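Q: My questions will all concern the structure given below.
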Amino acid sequence: MKIARLRADVLAGLTSSFALVPECIAFALVAQVNPLMGLYGAFFICLITALFGGRPGMISGAAGSMAVVIVALVVQHGVEYLLATVLLGGLIMLAFGLLRLGKLVRMVPHPVMLGFVNGLAIVIAAAQLEHFQHDGHWIEGNELYLMLGLVALTMAIVYILPRLTRAIPPALAAILGVGLLTYFLQLPTHTLGDMAKIAGGLPELALPQIPWSLETLWIILPYAVLMAMVGLLETLLTLNLTDEITESRGHPDRECVALGAANIASGLCGGMGGCAMIGQTMINLSSGGRGRLSGIVAGVMILLYVLFLSPLIELIPLAALVGVMFVVAQQTFAWASLRVLGKVPMNDVLVIIAVTVITVLTDLATAVLCGIIIAALNFAWHHARELYADSHVEADGSKLYLPHGTLFFASTAPFLNLFDAANDPAEVTLDCRHLSFVDYSAIAALMTLRERYSKAGKHLRVIHLSERCKQLLKRSGMHPA
């Protein structure tokens, strides 16, 4: 059983490495840097997170979401400033993990997760359309038909092979099979070598050649913070998704620390920044990769391609990789979310659609933050409406209010409307045994209520406050009695 597990991880890692190469090259070109920087970044980030991260089976590398962030920096200041930014971004990620802030991913609602995976599935599929262009023009005629045929053949192998045998990952079989077919038949189709030449040497350890000054820090700090935010967010969401698929639990803080260390190593050795890559992670998981060995193999193979195997890797047809990524996009999309659109509350439908659309039109970080804000506002709105109070006149003629719910910024107005200071008797008791005070808005509302009764010449007595509420009142200088 153990041998079978190791074999599955090795084959899955090999398959993932094939899919990593074109993505990292493409992202390096997006960032306007040497493709080798993308491959070096993929090697360090994939290997270190696989060895020390908190989520075995997850594949990390030089990610497009982070490449987009630093294009302006590269154009204005050059590659050395990029390396310093990656280094600083890694330190921020490392601090995030050491401070145990990975648990914040629990704040991401499930509808946001659905929108996240749906948006990324569309982005993955749309990114493959670039391979149907040459020099900025769409390919036509026999070239287009051959490309479509090879893509269709690749997808057919991936879908059909598991029904015949599971001895080899279907994506690996498809890539190798279509690659051998195009090589022996000398089919005129674009290969990985047409994107860029990937032969190179070992990465060298060196500090970025920049002025180490406060002025430099102010230049790179905004990019480093944004890069760290995007990388952490994509990594933690991918970790959550991997947990669901594998029905196991990862360690987000440990993953953040490993990701930070990996980016620091990449920045010191001439590589791009990176984070978890959902497409390659899905390939790894669907190919049977579950252990750390799969990520280790993927990372090591990236370096071997650069050092020794570039002539072979450059022969892989782009159509085979495009076909595999189309399958990944189809398997990543949460099709179940379409079936539940008419069954879940409209606000959750809005969050799913909004996050999906914003992910496609802008970037992941913006989409997830917008989704969380929409979900939080909706929660606050509905939670505020659940506040109510029972009231009755006591035997001594005083009136008792017994509110139920949570008093916070969104529920202060409904809370104050529960009381009738003008018509209530001279003595009023507010029983807070079922009322929770959350923020300063709650204290302010209570102070406003007391002032209303005071102006009406009446006394408001507050009883049964929790210890936390008493502390809040004490800090504000208000006595509960």
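Chain identifiers are assigned as A, B, and so on, following the order in which chains appear in the structure tokens; residues are numbered from 1 within each chain, and ligands are numbered from 1 in order of appearance.
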List the neighbours of stretch 294-305 of chain A out to 10 Å using only C-alpha atoms; skip same-chain residues closer than 4 positions along the sequence, and give me the result as JSON, numbers by chain.

A: {"A": [6, 7, 8, 9, 10, 11, 12, 13, 14, 15, 16, 17, 18, 19, 20, 21, 39, 40, 41, 42, 43, 44, 45, 46, 47, 48, 49, 50, 51, 56, 57, 58, 59, 60, 61, 198, 199, 200, 201, 202, 203, 280, 281, 284, 285, 287, 288, 289, 290, 309, 310, 311, 312, 313, 314]}

Q: Residues near A:Ile25, anyone? I mean within 8 Å using only C-alpha atoms, not counting same-chain ones fewer than 3 positions away, as a ChimeraX atom specification.

A: /A:21-22,28-29,35-36,38-39,195-196

Q: Between stretch 168-287 of chain A and stretch 62-77 of chain A, at 7 Å or less, what are the per-residue closest atom pairs and their distances in Å? Count only C-alpha atoms, order by chain and rising residue number, and return it as a Markdown table.

A:
| residue | atom | partner | partner_atom | distance |
| --- | --- | --- | --- | --- |
| A:Tyr223 | CA | A:Ile70 | CA | 6.5 |
| A:Met227 | CA | A:Met66 | CA | 5.7 |
| A:Val230 | CA | A:Met66 | CA | 6.7 |
| A:Gly231 | CA | A:Met66 | CA | 6.7 |
| A:Met272 | CA | A:Ala62 | CA | 6.1 |
| A:Gly273 | CA | A:Ala62 | CA | 5.7 |
| A:Gly274 | CA | A:Ala62 | CA | 4.0 |
| A:Cys275 | CA | A:Ala63 | CA | 6.0 |
| A:Met277 | CA | A:Ala63 | CA | 6.4 |

Q: Could you pull the residues within 10 Å of stretch 377-381 of chain A, counting only C-alpha atoms, minus those fewer than 3 positions along the same chain, as a short mmCIF file (atom, residue, chain, number, x, y, z; two decimals) with N, CA and C atoms, in the first residue's frame?

A:
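Printed below is out09.cif as written:
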data_model
loop_
_atom_site.label_atom_id
_atom_site.label_comp_id
_atom_site.auth_asym_id
_atom_site.auth_seq_id
_atom_site.Cartn_x
_atom_site.Cartn_y
_atom_site.Cartn_z
N ASN A 347 -29.52 36.73 -1.19
CA ASN A 347 -28.27 37.42 -0.86
C ASN A 347 -27.06 36.51 -1.10
N ASP A 348 -27.22 35.19 -0.84
CA ASP A 348 -26.12 34.26 -1.11
C ASP A 348 -25.90 34.10 -2.61
N VAL A 351 -23.86 37.02 -3.72
CA VAL A 351 -22.45 36.89 -3.35
C VAL A 351 -21.73 35.96 -4.33
N GLY A 371 -16.81 40.11 -1.73
CA GLY A 371 -17.75 39.08 -1.30
C GLY A 371 -17.92 39.05 0.21
N ILE A 372 -16.80 39.18 0.94
CA ILE A 372 -16.87 39.19 2.40
C ILE A 372 -17.64 40.41 2.89
N ILE A 373 -17.41 41.56 2.26
CA ILE A 373 -18.12 42.79 2.67
C ILE A 373 -19.62 42.65 2.43
N ILE A 374 -19.98 42.12 1.25
CA ILE A 374 -21.41 41.93 0.94
C ILE A 374 -22.05 40.97 1.95
N ALA A 384 -29.58 42.46 12.83
CA ALA A 384 -30.16 43.64 13.48
C ALA A 384 -31.68 43.53 13.55
N ARG A 385 -32.30 42.91 12.55
CA ARG A 385 -33.76 42.80 12.52
C ARG A 385 -34.29 41.77 13.51
N GLU A 386 -33.40 40.96 14.08
CA GLU A 386 -33.83 39.93 15.02
C GLU A 386 -33.94 40.45 16.46
N PHE A 408 -25.52 46.15 18.43
CA PHE A 408 -24.30 46.57 17.74
C PHE A 408 -24.67 47.68 16.77
N PHE A 409 -23.72 48.12 15.95
CA PHE A 409 -23.92 49.33 15.15
C PHE A 409 -25.17 49.29 14.28
N ALA A 410 -25.53 48.11 13.77
CA ALA A 410 -26.67 48.03 12.85
C ALA A 410 -28.00 47.91 13.58
N SER A 411 -27.99 47.62 14.88
CA SER A 411 -29.25 47.39 15.60
C SER A 411 -29.57 48.48 16.63
#

Q: To one decimal in Å, tell me the separation between atom CA of A:Val79 and atom CA of A:Ile264.

A: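 Result for atom CA of A:Val79 versus atom CA of A:Ile264: 15.5 Å, one decimal.
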
Q: Enumerate, as a PyMOL selection string, the complete set of residues in stretch 215-437 of chain A that a backbone-based DSSP assignment places in helix (DSSP H, G or I).

A: chain A and resi 215-246+252-268+278-286+292-313+318-332+336-339+346-361+364-385+412-416

Q: Would you list the contacts of stretch 105-122 of chain A as a PyMOL selection string, taking every protein, DNA or RNA residue within 9 Å and counting only C-alpha atoms, but skipping same-chain residues closer than 2 positions in sequence?

A: chain A and resi 101-103+124-127+233+236-238+240-241+252+278-279+326+328-335+337+348-360+364+367-369+371-372+375

Q: Keeping only C-alpha atoms, write the selected residues to a file as a PDB file, in the first residue's frame.

A:
ATOM      1  CA  LEU A 101      -3.483  34.835  11.528  1.00  0.00           C
ATOM      2  CA  GLY A 102      -4.249  31.978   9.154  1.00  0.00           C
ATOM      3  CA  LYS A 103      -7.429  31.335  11.102  1.00  0.00           C
ATOM      4  CA  ILE A 124      -8.130  29.245 -16.188  1.00  0.00           C
ATOM      5  CA  ALA A 125     -10.216  28.449 -19.265  1.00  0.00           C
ATOM      6  CA  ALA A 126      -9.981  31.983 -20.670  1.00  0.00           C
ATOM      7  CA  ALA A 127      -6.192  32.015 -20.231  1.00  0.00           C
ATOM      8  CA  LEU A 233      -5.563  34.854   0.227  1.00  0.00           C
ATOM      9  CA  LEU A 236      -5.594  29.914   2.156  1.00  0.00           C
ATOM     10  CA  LEU A 237      -8.633  29.566  -0.104  1.00  0.00           C
ATOM     11  CA  THR A 238      -6.898  26.834  -2.115  1.00  0.00           C
ATOM     12  CA  ASN A 240      -9.688  25.201   2.182  1.00  0.00           C
ATOM     13  CA  LEU A 241     -10.682  23.709  -1.161  1.00  0.00           C
ATOM     14  CA  PRO A 252      -3.042  27.338   7.534  1.00  0.00           C
ATOM     15  CA  ILE A 278      -5.441  26.059  -7.886  1.00  0.00           C
ATOM     16  CA  GLY A 279      -5.179  24.680 -11.423  1.00  0.00           C
ATOM     17  CA  PHE A 326      -9.655  22.927 -20.045  1.00  0.00           C
ATOM     18  CA  VAL A 328      -9.095  21.338 -14.943  1.00  0.00           C
ATOM     19  CA  ALA A 329     -11.357  24.362 -15.484  1.00  0.00           C
ATOM     20  CA  GLN A 330     -14.372  22.108 -15.973  1.00  0.00           C
ATOM     21  CA  GLN A 331     -13.561  20.106 -12.834  1.00  0.00           C
ATOM     22  CA  THR A 332     -12.797  23.227 -10.779  1.00  0.00           C
ATOM     23  CA  PHE A 333     -16.095  24.971 -11.546  1.00  0.00           C
ATOM     24  CA  ALA A 334     -18.624  24.303  -8.778  1.00  0.00           C
ATOM     25  CA  TRP A 335     -21.473  23.109 -10.996  1.00  0.00           C
ATOM     26  CA  SER A 337     -23.693  26.091  -7.250  1.00  0.00           C
ATOM     27  CA  ASP A 348     -26.125  34.255  -1.111  1.00  0.00           C
ATOM     28  CA  VAL A 349     -26.866  34.052  -4.843  1.00  0.00           C
ATOM     29  CA  LEU A 350     -25.729  37.675  -5.146  1.00  0.00           C
ATOM     30  CA  VAL A 351     -22.450  36.891  -3.350  1.00  0.00           C
ATOM     31  CA  ILE A 352     -21.714  33.859  -5.571  1.00  0.00           C
ATOM     32  CA  ILE A 353     -22.364  35.802  -8.778  1.00  0.00           C
ATOM     33  CA  ALA A 354     -20.562  38.949  -7.592  1.00  0.00           C
ATOM     34  CA  VAL A 355     -17.389  37.106  -6.543  1.00  0.00           C
ATOM     35  CA  THR A 356     -17.367  35.106  -9.783  1.00  0.00           C
ATOM     36  CA  VAL A 357     -17.740  38.184 -11.984  1.00  0.00           C
ATOM     37  CA  ILE A 358     -15.273  40.331 -10.028  1.00  0.00           C
ATOM     38  CA  THR A 359     -12.681  37.526 -10.083  1.00  0.00           C
ATOM     39  CA  VAL A 360     -12.925  37.369 -13.874  1.00  0.00           C
ATOM     40  CA  LEU A 364      -8.986  37.374  -6.700  1.00  0.00           C
ATOM     41  CA  ALA A 367     -13.356  39.704  -5.498  1.00  0.00           C
ATOM     42  CA  VAL A 368     -13.021  37.905  -2.169  1.00  0.00           C
ATOM     43  CA  LEU A 369     -12.904  41.153  -0.180  1.00  0.00           C
ATOM     44  CA  GLY A 371     -17.747  39.078  -1.299  1.00  0.00           C
ATOM     45  CA  ILE A 372     -16.869  39.189   2.401  1.00  0.00           C
ATOM     46  CA  ALA A 375     -21.888  38.864   3.153  1.00  0.00           C
TER      47      ALA A 375
END
